[in-house]
>>> print(open('structure33.pdb').read())   # PDB, C-alpha atoms, pLDDT in the B column
ATOM      1  CA  MET A   1     151.956 141.344 135.360  1.00 61.00           C
ATOM      2  CA  SER A   2     150.682 143.941 132.944  1.00 82.00           C
ATOM      3  CA  GLU A   3     147.025 144.834 132.520  1.00 89.00           C
ATOM      4  CA  ASP A   4     147.610 144.186 128.837  1.00 93.00           C
ATOM      5  CA  LEU A   5     148.531 140.526 129.444  1.00 94.00           C
ATOM      6  CA  ILE A   6     145.518 140.055 131.706  1.00 93.00           C
ATOM      7  CA  GLU A   7     143.252 141.475 129.007  1.00 93.00           C
ATOM      8  CA  ARG A   8     144.769 139.148 126.418  1.00 94.00           C
ATOM      9  CA  ILE A   9     144.176 136.150 128.695  1.00 95.00           C
ATOM     10  CA  GLN A  10     140.584 137.189 129.334  1.00 92.00           C
ATOM     11  CA  SER A  11     139.985 137.637 125.604  1.00 94.00           C
ATOM     12  CA  GLU A  12     141.261 134.081 124.907  1.00 96.00           C
ATOM     13  CA  VAL A  13     138.670 132.684 127.335  1.00 98.00           C
ATOM     14  CA  GLN A  14     135.160 131.706 126.268  1.00 97.00           C
ATOM     15  CA  PHE A  15     133.078 132.497 129.334  1.00 97.00           C
ATOM     16  CA  ASN A  16     129.680 130.782 129.616  1.00 96.00           C
ATOM     17  CA  GLU A  17     126.343 132.629 129.874  1.00 95.00           C
ATOM     18  CA  GLN A  18     127.044 133.238 133.561  1.00 96.00           C
ATOM     19  CA  GLY A  19     130.414 134.779 132.697  1.00 97.00           C
ATOM     20  CA  LEU A  20     132.261 131.802 134.182  1.00 98.00           C
ATOM     21  CA  VAL A  21     134.867 129.305 133.027  1.00 98.00           C
ATOM     22  CA  PRO A  22     135.784 126.003 134.729  1.00 98.00           C
ATOM     23  CA  ALA A  23     139.312 125.873 136.186  1.00 98.00           C
ATOM     24  CA  ILE A  24     141.099 122.635 137.057  1.00 99.00           C
ATOM     25  CA  ALA A  25     143.763 122.905 139.764  1.00 99.00           C
ATOM     26  CA  GLN A  26     146.678 120.491 139.399  1.00 98.00           C
ATOM     27  CA  GLN A  27     149.666 120.171 141.727  1.00 98.00           C
ATOM     28  CA  HIS A  28     152.483 121.304 139.446  1.00 98.00           C
ATOM     29  CA  ASP A  29     155.167 118.792 140.453  1.00 98.00           C
ATOM     30  CA  THR A  30     153.206 115.595 141.133  1.00 98.00           C
ATOM     31  CA  GLY A  31     150.427 115.966 138.550  1.00 98.00           C
ATOM     32  CA  GLU A  32     147.751 115.325 141.204  1.00 98.00           C
ATOM     33  CA  VAL A  33     144.385 116.778 140.160  1.00 98.00           C
ATOM     34  CA  LEU A  34     143.289 118.696 143.253  1.00 98.00           C
ATOM     35  CA  MET A  35     139.884 120.208 142.478  1.00 98.00           C
ATOM     36  CA  MET A  36     137.728 121.950 139.906  1.00 98.00           C
ATOM     37  CA  ALA A  37     136.086 125.311 140.494  1.00 98.00           C
ATOM     38  CA  TRP A  38     134.930 128.337 138.485  1.00 98.00           C
ATOM     39  CA  MET A  39     136.469 131.682 137.583  1.00 98.00           C
ATOM     40  CA  ASN A  40     135.078 134.899 136.178  1.00 98.00           C
ATOM     41  CA  ALA A  41     137.108 137.688 134.550  1.00 97.00           C
ATOM     42  CA  ASP A  42     137.814 139.316 137.925  1.00 97.00           C
ATOM     43  CA  ALA A  43     139.018 136.033 139.455  1.00 98.00           C
ATOM     44  CA  ILE A  44     141.421 135.572 136.527  1.00 97.00           C
ATOM     45  CA  HIS A  45     142.611 139.145 136.963  1.00 96.00           C
ATOM     46  CA  GLU A  46     143.333 138.710 140.662  1.00 97.00           C
ATOM     47  CA  THR A  47     144.915 135.264 140.200  1.00 97.00           C
ATOM     48  CA  ILE A  48     147.353 136.557 137.585  1.00 96.00           C
ATOM     49  CA  GLU A  49     148.091 139.728 139.494  1.00 95.00           C
ATOM     50  CA  LYS A  50     148.741 138.105 142.888  1.00 96.00           C
ATOM     51  CA  GLN A  51     149.893 134.686 141.601  1.00 97.00           C
ATOM     52  CA  GLN A  52     147.582 133.174 144.229  1.00 98.00           C
ATOM     53  CA  VAL A  53     144.495 131.354 143.012  1.00 98.00           C
ATOM     54  CA  CYS A  54     141.179 133.152 143.380  1.00 98.00           C
ATOM     55  CA  TYR A  55     137.968 131.494 142.142  1.00 98.00           C
ATOM     56  CA  TRP A  56     134.388 132.682 141.826  1.00 98.00           C
ATOM     57  CA  SER A  57     132.069 131.103 144.375  1.00 97.00           C
ATOM     58  CA  ARG A  58     128.757 130.290 142.702  1.00 96.00           C
ATOM     59  CA  SER A  59     127.095 129.641 146.077  1.00 95.00           C
ATOM     60  CA  ARG A  60     128.278 132.874 147.711  1.00 96.00           C
ATOM     61  CA  ASN A  61     128.258 134.857 144.470  1.00 97.00           C
ATOM     62  CA  ALA A  62     131.588 136.428 145.383  1.00 98.00           C
ATOM     63  CA  LEU A  63     135.307 136.117 144.748  1.00 98.00           C
ATOM     64  CA  TRP A  64     136.701 133.117 146.616  1.00 98.00           C
ATOM     65  CA  ARG A  65     140.301 133.645 147.607  1.00 98.00           C
ATOM     66  CA  LYS A  66     141.248 130.004 148.049  1.00 98.00           C
ATOM     67  CA  GLY A  67     142.737 129.460 151.506  1.00 97.00           C
ATOM     68  CA  GLU A  68     141.935 132.935 152.795  1.00 96.00           C
ATOM     69  CA  THR A  69     140.359 131.527 155.961  1.00 93.00           C
ATOM     70  CA  SER A  70     141.806 127.976 155.998  1.00 94.00           C
ATOM     71  CA  GLY A  71     145.343 128.903 155.009  1.00 97.00           C
ATOM     72  CA  ASN A  72     145.193 126.199 152.334  1.00 97.00           C
ATOM     73  CA  THR A  73     146.284 128.494 149.540  1.00 98.00           C
ATOM     74  CA  GLN A  74     147.239 127.699 145.961  1.00 98.00           C
ATOM     75  CA  LYS A  75     150.269 129.494 144.613  1.00 98.00           C
ATOM     76  CA  LEU A  76     149.948 129.850 140.838  1.00 98.00           C
ATOM     77  CA  MET A  77     152.877 128.287 139.013  1.00 98.00           C
ATOM     78  CA  GLU A  78     151.383 128.484 135.513  1.00 98.00           C
ATOM     79  CA  LEU A  79     148.006 129.174 133.941  1.00 98.00           C
ATOM     80  CA  ARG A  80     147.081 127.253 130.809  1.00 98.00           C
ATOM     81  CA  ILE A  81     144.118 127.714 128.464  1.00 98.00           C
ATOM     82  CA  ASP A  82     142.666 124.873 126.421  1.00 98.00           C
ATOM     83  CA  CYS A  83     142.192 124.657 122.651  1.00 98.00           C
ATOM     84  CA  ASP A  84     138.653 126.052 122.720  1.00 97.00           C
ATOM     85  CA  GLY A  85     139.364 128.565 125.476  1.00 98.00           C
ATOM     86  CA  ASP A  86     136.550 127.129 127.560  1.00 97.00           C
ATOM     87  CA  THR A  87     138.573 125.444 130.306  1.00 98.00           C
ATOM     88  CA  LEU A  88     141.573 126.591 132.348  1.00 98.00           C
ATOM     89  CA  LEU A  89     144.302 124.442 133.857  1.00 98.00           C
ATOM     90  CA  LEU A  90     145.933 125.989 136.913  1.00 98.00           C
ATOM     91  CA  ARG A  91     149.304 124.487 137.683  1.00 98.00           C
ATOM     92  CA  VAL A  92     149.631 125.297 141.390  1.00 98.00           C
ATOM     93  CA  ASP A  93     151.623 124.687 144.519  1.00 98.00           C
ATOM     94  CA  GLN A  94     149.024 123.662 147.107  1.00 98.00           C
ATOM     95  CA  THR A  95     149.549 124.404 150.796  1.00 98.00           C
ATOM     96  CA  GLY A  96     147.744 121.852 153.000  1.00 97.00           C
ATOM     97  CA  PRO A  97     144.693 119.897 151.826  1.00 98.00           C
ATOM     98  CA  ALA A  98     142.881 121.219 148.754  1.00 98.00           C
ATOM     99  CA  CYS A  99     139.466 119.789 149.709  1.00 98.00           C
ATOM    100  CA  HIS A 100     137.073 121.309 152.259  1.00 96.00           C
ATOM    101  CA  THR A 101     136.816 117.797 153.770  1.00 97.00           C
ATOM    102  CA  ASN A 102     140.518 118.194 154.674  1.00 97.00           C
ATOM    103  CA  ARG A 103     141.545 115.588 152.139  1.00 98.00           C
ATOM    104  CA  PRO A 104     144.506 116.217 149.821  1.00 98.00           C
ATOM    105  CA  ASN A 105     142.189 116.460 146.814  1.00 98.00           C
ATOM    106  CA  CYS A 106     138.450 116.450 146.110  1.00 98.00           C
ATOM    107  CA  PHE A 107     138.354 113.260 144.012  1.00 98.00           C
ATOM    108  CA  PHE A 108     138.244 110.673 146.790  1.00 98.00           C
ATOM    109  CA  LYS A 109     135.216 108.613 145.685  1.00 98.00           C
ATOM    110  CA  ALA A 110     136.491 105.968 143.285  1.00 98.00           C
ATOM    111  CA  VAL A 111     134.579 103.267 141.466  1.00 97.00           C
ATOM    112  CA  ARG A 112     136.553 100.149 142.329  1.00 95.00           C
ATOM    113  CA  GLY A 113     135.612  96.481 142.438  1.00 90.00           C
ATOM    114  CA  GLY A 114     131.976  97.134 141.652  1.00 92.00           C
ATOM    115  CA  LYS A 115     131.444  99.745 144.351  1.00 95.00           C
ATOM    116  CA  ILE A 116     132.115 103.366 145.243  1.00 97.00           C
ATOM    117  CA  GLU A 117     135.088 103.437 147.593  1.00 97.00           C
ATOM    118  CA  ILE A 118     136.444 106.331 149.696  1.00 98.00           C
ATOM    119  CA  ILE A 119     140.154 106.298 148.818  1.00 98.00           C
ATOM    120  CA  SER A 120     141.616 108.970 151.102  1.00 98.00           C
ATOM    121  CA  THR A 121     141.210 110.156 154.685  1.00 97.00           C
ATOM    122  CA  PRO A 122     141.083 113.673 156.109  1.00 97.00           C
ATOM    123  CA  ILE A 123     144.434 115.057 157.239  1.00 91.00           C
ATOM    124  CA  ALA A 124     144.377 115.426 161.033  1.00 76.00           C
TER     125      ALA A 124
ATOM    126  CA  MET B   1     129.235  96.212 135.543  1.00 61.00           C
ATOM    127  CA  SER B   2     125.841  95.964 137.144  1.00 82.00           C
ATOM    128  CA  GLU B   3     122.982  98.358 136.420  1.00 89.00           C
ATOM    129  CA  ASP B   4     122.795  98.794 140.177  1.00 93.00           C
ATOM    130  CA  LEU B   5     126.346 100.213 140.355  1.00 94.00           C
ATOM    131  CA  ILE B   6     125.668 102.555 137.451  1.00 93.00           C
ATOM    132  CA  GLU B   7     122.538 103.829 139.204  1.00 93.00           C
ATOM    133  CA  ARG B   8     124.496 104.420 142.394  1.00 94.00           C
ATOM    134  CA  ILE B   9     127.155 106.394 140.486  1.00 95.00           C
ATOM    135  CA  GLN B  10     124.500 108.477 138.736  1.00 92.00           C
ATOM    136  CA  SER B  11     122.789 109.194 142.064  1.00 94.00           C
ATOM    137  CA  GLU B  12     126.087 110.452 143.562  1.00 96.00           C
ATOM    138  CA  VAL B  13     126.400 112.985 140.749  1.00 98.00           C
ATOM    139  CA  GLN B  14     124.920 116.475 140.925  1.00 97.00           C
ATOM    140  CA  PHE B  15     123.984 117.204 137.329  1.00 97.00           C
ATOM    141  CA  ASN B  16     123.513 120.862 136.354  1.00 96.00           C
ATOM    142  CA  GLU B  17     120.278 122.327 134.940  1.00 95.00           C
ATOM    143  CA  GLN B  18     121.199 120.892 131.536  1.00 96.00           C
ATOM    144  CA  GLY B  19     121.631 117.442 133.074  1.00 97.00           C
ATOM    145  CA  LEU B  20     125.406 117.594 132.587  1.00 98.00           C
ATOM    146  CA  VAL B  21     128.495 117.223 134.744  1.00 98.00           C
ATOM    147  CA  PRO B  22     132.065 118.273 133.826  1.00 98.00           C
ATOM    148  CA  ALA B  23     134.527 115.394 133.431  1.00 98.00           C
ATOM    149  CA  ILE B  24     138.298 115.837 133.535  1.00 99.00           C
ATOM    150  CA  ALA B  25     140.307 113.202 131.655  1.00 99.00           C
ATOM    151  CA  GLN B  26     143.728 112.436 133.137  1.00 98.00           C
ATOM    152  CA  GLN B  27     146.288 109.979 131.781  1.00 98.00           C
ATOM    153  CA  HIS B  28     146.346 107.406 134.574  1.00 98.00           C
ATOM    154  CA  ASP B  29     150.079 106.686 134.699  1.00 98.00           C
ATOM    155  CA  THR B  30     151.697 110.069 133.945  1.00 98.00           C
ATOM    156  CA  GLY B  31     149.136 112.367 135.584  1.00 98.00           C
ATOM    157  CA  GLU B  32     148.871 114.485 132.424  1.00 98.00           C
ATOM    158  CA  VAL B  33     145.579 116.380 132.287  1.00 98.00           C
ATOM    159  CA  LEU B  34     144.299 115.651 128.788  1.00 98.00           C
ATOM    160  CA  MET B  35     141.014 117.509 128.393  1.00 98.00           C
ATOM    161  CA  MET B  36     137.743 118.503 129.991  1.00 98.00           C
ATOM    162  CA  ALA B  37     134.352 117.656 128.517  1.00 98.00           C
ATOM    163  CA  TRP B  38     130.795 117.015 129.690  1.00 98.00           C
ATOM    164  CA  MET B  39     128.784 113.909 130.515  1.00 98.00           C
ATOM    165  CA  ASN B  40     125.112 113.243 131.040  1.00 98.00           C
ATOM    166  CA  ALA B  41     123.612 110.195 132.756  1.00 97.00           C
ATOM    167  CA  ASP B  42     123.650 108.179 129.509  1.00 97.00           C
ATOM    168  CA  ALA B  43     127.316 109.012 128.837  1.00 98.00           C
ATOM    169  CA  ILE B  44     128.206 107.812 132.346  1.00 97.00           C
ATOM    170  CA  HIS B  45     126.182 104.648 131.761  1.00 96.00           C
ATOM    171  CA  GLU B  46     127.955 103.842 128.494  1.00 97.00           C
ATOM    172  CA  THR B  47     131.401 104.759 129.843  1.00 97.00           C
ATOM    173  CA  ILE B  48     131.041 102.430 132.823  1.00 96.00           C
ATOM    174  CA  GLU B  49     129.482  99.663 130.787  1.00 95.00           C
ATOM    175  CA  LYS B  50     132.043  99.668 127.951  1.00 96.00           C
ATOM    176  CA  GLN B  51     135.024 101.018 129.959  1.00 97.00           C
ATOM    177  CA  GLN B  52     135.635 103.378 127.040  1.00 98.00           C
ATOM    178  CA  VAL B  53     134.996 107.060 127.595  1.00 98.00           C
ATOM    179  CA  CYS B  54     131.841 108.524 126.081  1.00 98.00           C
ATOM    180  CA  TYR B  55     131.008 112.215 126.611  1.00 98.00           C
ATOM    181  CA  TRP B  56     127.986 114.337 125.774  1.00 98.00           C
ATOM    182  CA  SER B  57     128.634 116.772 122.931  1.00 97.00           C
ATOM    183  CA  ARG B  58     126.958 120.085 123.741  1.00 96.00           C
ATOM    184  CA  SER B  59     127.464 121.316 120.155  1.00 95.00           C
ATOM    185  CA  ARG B  60     126.058 118.212 118.487  1.00 96.00           C
ATOM    186  CA  ASN B  61     123.585 117.456 121.283  1.00 97.00           C
ATOM    187  CA  ALA B  62     124.470 113.776 121.096  1.00 98.00           C
ATOM    188  CA  LEU B  63     126.609 111.136 122.760  1.00 98.00           C
ATOM    189  CA  TRP B  64     130.259 111.617 121.805  1.00 98.00           C
ATOM    190  CA  ARG B  65     132.130 108.342 121.757  1.00 98.00           C
ATOM    191  CA  LYS B  66     135.644 109.738 122.110  1.00 98.00           C
ATOM    192  CA  GLY B  67     137.847 108.434 119.297  1.00 97.00           C
ATOM    193  CA  GLU B  68     135.024 106.759 117.365  1.00 96.00           C
ATOM    194  CA  THR B  69     136.116 108.426 114.121  1.00 93.00           C
ATOM    195  CA  SER B  70     139.715 109.441 114.957  1.00 94.00           C
ATOM    196  CA  GLY B  71     140.688 106.231 116.754  1.00 97.00           C
ATOM    197  CA  ASN B  72     141.997 108.359 119.628  1.00 97.00           C
ATOM    198  CA  THR B  73     140.037 106.501 122.270  1.00 98.00           C
ATOM    199  CA  GLN B  74     140.206 106.733 126.045  1.00 98.00           C
ATOM    200  CA  LYS B  75     140.121 103.447 127.919  1.00 98.00           C
ATOM    201  CA  LEU B  76     138.621 104.008 131.361  1.00 98.00           C
ATOM    202  CA  MET B  77     140.988 102.919 134.123  1.00 98.00           C
ATOM    203  CA  GLU B  78     139.041 104.446 137.013  1.00 98.00           C
ATOM    204  CA  LEU B  79     136.167 106.887 137.479  1.00 98.00           C
ATOM    205  CA  ARG B  80     136.303 109.204 140.484  1.00 98.00           C
ATOM    206  CA  ILE B  81     133.646 111.572 141.831  1.00 98.00           C
ATOM    207  CA  ASP B  82     134.508 114.711 143.786  1.00 98.00           C
ATOM    208  CA  CYS B  83     133.372 115.737 147.278  1.00 98.00           C
ATOM    209  CA  ASP B  84     130.335 117.651 146.039  1.00 97.00           C
ATOM    210  CA  GLY B  85     129.514 115.191 143.263  1.00 98.00           C
ATOM    211  CA  ASP B  86     129.644 117.986 140.712  1.00 97.00           C
ATOM    212  CA  THR B  87     132.849 117.040 138.874  1.00 98.00           C
ATOM    213  CA  LEU B  88     134.175 113.712 137.605  1.00 98.00           C
ATOM    214  CA  LEU B  89     137.800 112.670 137.202  1.00 98.00           C
ATOM    215  CA  LEU B  90     138.324 110.035 134.531  1.00 98.00           C
ATOM    216  CA  ARG B  91     141.603 108.185 134.924  1.00 98.00           C
ATOM    217  CA  VAL B  92     142.159 106.945 131.388  1.00 98.00           C
ATOM    218  CA  ASP B  93     144.609 105.335 129.033  1.00 98.00           C
ATOM    219  CA  GLN B  94     144.684 107.625 126.011  1.00 98.00           C
ATOM    220  CA  THR B  95     145.395 106.253 122.528  1.00 98.00           C
ATOM    221  CA  GLY B  96     147.006 108.915 120.292  1.00 97.00           C
ATOM    222  CA  PRO B  97     146.504 112.638 120.848  1.00 98.00           C
ATOM    223  CA  ALA B  98     143.609 113.693 123.088  1.00 98.00           C
ATOM    224  CA  CYS B  99     143.097 117.090 121.442  1.00 98.00           C
ATOM    225  CA  HIS B 100     141.255 117.686 118.150  1.00 96.00           C
ATOM    226  CA  THR B 101     144.299 119.806 117.123  1.00 97.00           C
ATOM    227  CA  ASN B 102     146.293 116.546 117.218  1.00 97.00           C
ATOM    228  CA  ARG B 103     148.221 117.689 120.278  1.00 98.00           C
ATOM    229  CA  PRO B 104     148.727 115.296 123.204  1.00 98.00           C
ATOM    230  CA  ASN B 105     146.425 117.381 125.408  1.00 98.00           C
ATOM    231  CA  CYS B 106     144.149 120.412 125.044  1.00 98.00           C
ATOM    232  CA  PHE B 107     146.009 122.719 127.453  1.00 98.00           C
ATOM    233  CA  PHE B 108     148.736 123.999 125.152  1.00 98.00           C
ATOM    234  CA  LYS B 109     148.367 127.763 125.643  1.00 98.00           C
ATOM    235  CA  ALA B 110     150.502 128.694 128.649  1.00 98.00           C
ATOM    236  CA  VAL B 111     151.033 132.086 130.222  1.00 97.00           C
ATOM    237  CA  ARG B 112     154.821 132.301 130.370  1.00 95.00           C
ATOM    238  CA  GLY B 113     157.195 135.241 130.505  1.00 90.00           C
ATOM    239  CA  GLY B 114     154.445 137.814 130.178  1.00 92.00           C
ATOM    240  CA  LYS B 115     152.843 136.269 127.117  1.00 95.00           C
ATOM    241  CA  ILE B 116     150.619 133.418 125.940  1.00 97.00           C
ATOM    242  CA  GLU B 117     152.868 130.724 124.510  1.00 97.00           C
ATOM    243  CA  ILE B 118     151.953 127.607 122.480  1.00 98.00           C
ATOM    244  CA  ILE B 119     153.806 124.852 124.340  1.00 98.00           C
ATOM    245  CA  SER B 120     153.140 121.773 122.200  1.00 98.00           C
ATOM    246  CA  THR B 121     152.980 120.885 118.537  1.00 97.00           C
ATOM    247  CA  PRO B 122     150.550 118.653 116.650  1.00 97.00           C
ATOM    248  CA  ILE B 123     151.631 115.029 116.323  1.00 91.00           C
ATOM    249  CA  ALA B 124     152.377 114.295 112.659  1.00 76.00           C
TER     250      ALA B 124
END
>>> encode(input="structure33.pdb", output="structure tokens")
Amino acid sequence: MSEDLIERIQSEVQFNEQGLVPAIAQQHDTGEVLMMAWMNADAIHETIEKQQVCYWSRSRNALWRKGETSGNTQKLMELRIDCDGDTLLLRVDQTGPACHTNRPNCFFKAVRGGKIEIISTPIA
Amino acid sequence: MSEDLIERIQSEVQFNEQGLVPAIAQQHDTGEVLMMAWMNADAIHETIEKQQVCYWSRSRNALWRKGETSGNTQKLMELRIDCDGDTLLLRVDQTGPACHTNRPNCFFKAVRGGKIEIISTPIA
């Protein structure tokens, strides 16, 4: 990927006051929404360059190479930018569980039948 | 829906300093990611109560009843909360295009073949 393309992508993005943009990760073939995290310009740069998803960790204030320690990486299949440039959609191929709770995705608390239900279990 | 359930949902959510939480809307049957917008406690209350999605407009600083003027409403099929409580996933049934550009979804700028490509057209 050329530096030029990366610069064009970054210039399409409306970063917030903290220099961040929300990024939704979606499994490319099933459509499953895996997680939402944040990226800064450097995270976008690295993600495009390596085609492996890298976020910005707001708690650690550092680049967060998804799966670097767990092995649960996200291979980038396609990056999409929304109409206003203020949200990214990462079409990925997820290895292992996406969630730090070891569940396939982070959205496992569902409002069903008048209560909040846990709808998935951690992968052993 | 009981007030009690709505209070429990609100208490599971980690609102940011502006009292907002990002909400991803996904077409419930196809998995298509439609858009991302923001909710406050009142928007969650109304969405659960009416089962029609209501966001918080950061530009207008007011409740944003999705589709109120355009007719492109989002019927709530299921609300999910993520592991950290800081993102919502709205499983919806979208009427008409979700995007204000009249496209089916907001994520129509895709990085493909070394350039940013527009991958959908407005619905006539």
>>> resolve_selection(input="structure33.pdb", expression="the PyMOL selection byres ((chain B and resi 51-65) around 6)", output="list in words")
Trp38, Met39, Ala43, Thr47, Ile48, Glu49, Lys50, Lys66, Glu68, Gln74, Lys75 and Leu76 of chain B
>>> interface_residues(input="structure33.pdb", of="chain A", to="chain B", cutoff="9 Å", atoms="all atoms listed in the file", output="PyMOL selection string")
chain A and resi 1-2+5+8-9+22+24+26+30-33+35-36+78-84+87-89+99-101+105-112+114-116
>>> write_last_selection(input="structure33.pdb", atoms="C-alpha atoms", output="short mmCIF file (atom, residue, chain, number, x, y, z; two decimals), in the coordinates of the input")
data_model
loop_
_atom_site.label_atom_id
_atom_site.label_comp_id
_atom_site.auth_asym_id
_atom_site.auth_seq_id
_atom_site.Cartn_x
_atom_site.Cartn_y
_atom_site.Cartn_z
CA MET A 1 151.96 141.34 135.36
CA SER A 2 150.68 143.94 132.94
CA LEU A 5 148.53 140.53 129.44
CA ARG A 8 144.77 139.15 126.42
CA ILE A 9 144.18 136.15 128.70
CA PRO A 22 135.78 126.00 134.73
CA ILE A 24 141.10 122.64 137.06
CA GLN A 26 146.68 120.49 139.40
CA THR A 30 153.21 115.60 141.13
CA GLY A 31 150.43 115.97 138.55
CA GLU A 32 147.75 115.32 141.20
CA VAL A 33 144.38 116.78 140.16
CA MET A 35 139.88 120.21 142.48
CA MET A 36 137.73 121.95 139.91
CA GLU A 78 151.38 128.48 135.51
CA LEU A 79 148.01 129.17 133.94
CA ARG A 80 147.08 127.25 130.81
CA ILE A 81 144.12 127.71 128.46
CA ASP A 82 142.67 124.87 126.42
CA CYS A 83 142.19 124.66 122.65
CA ASP A 84 138.65 126.05 122.72
CA THR A 87 138.57 125.44 130.31
CA LEU A 88 141.57 126.59 132.35
CA LEU A 89 144.30 124.44 133.86
CA CYS A 99 139.47 119.79 149.71
CA HIS A 100 137.07 121.31 152.26
CA THR A 101 136.82 117.80 153.77
CA ASN A 105 142.19 116.46 146.81
CA CYS A 106 138.45 116.45 146.11
CA PHE A 107 138.35 113.26 144.01
CA PHE A 108 138.24 110.67 146.79
CA LYS A 109 135.22 108.61 145.68
CA ALA A 110 136.49 105.97 143.28
CA VAL A 111 134.58 103.27 141.47
CA ARG A 112 136.55 100.15 142.33
CA GLY A 114 131.98 97.13 141.65
CA LYS A 115 131.44 99.74 144.35
CA ILE A 116 132.12 103.37 145.24
#
>>> atom_distance(input="structure33.pdb", atom1="CA of Asn102 in chain B", atom2="CA of Ala25 in chain B")
16.0 Å
>>> residues_around(input="structure33.pdb", residues="Gly19 in chain A", least_positions_apart="2", cutoff="10 Å", atoms="all atoms listed in the file", output="PyMOL selection string")
chain A and resi 14-17+21+38-41
>>> resolve_selection(input="structure33.pdb", expression="the PyMOL selection byres ((chain A and resi 96) around 9)", output="PyMOL selection string")
chain A and resi 71-73+94-95+97-98+102-104+123
>>> atom_distance(input="structure33.pdb", atom1="CA of Ala124 in chain B", atom2="CA of Val13 in chain A")
27.2 Å
>>> atom_distance(input="structure33.pdb", atom1="CA of Asp42 in chain B", atom2="CA of Leu20 in chain B")
10.1 Å
>>> residues_around(input="structure33.pdb", residues="Asp29 in chain B", least_positions_apart="5", cutoff="9 Å", atoms="all atoms listed in the file", output="ChimeraX atom specification")
/B:91-93
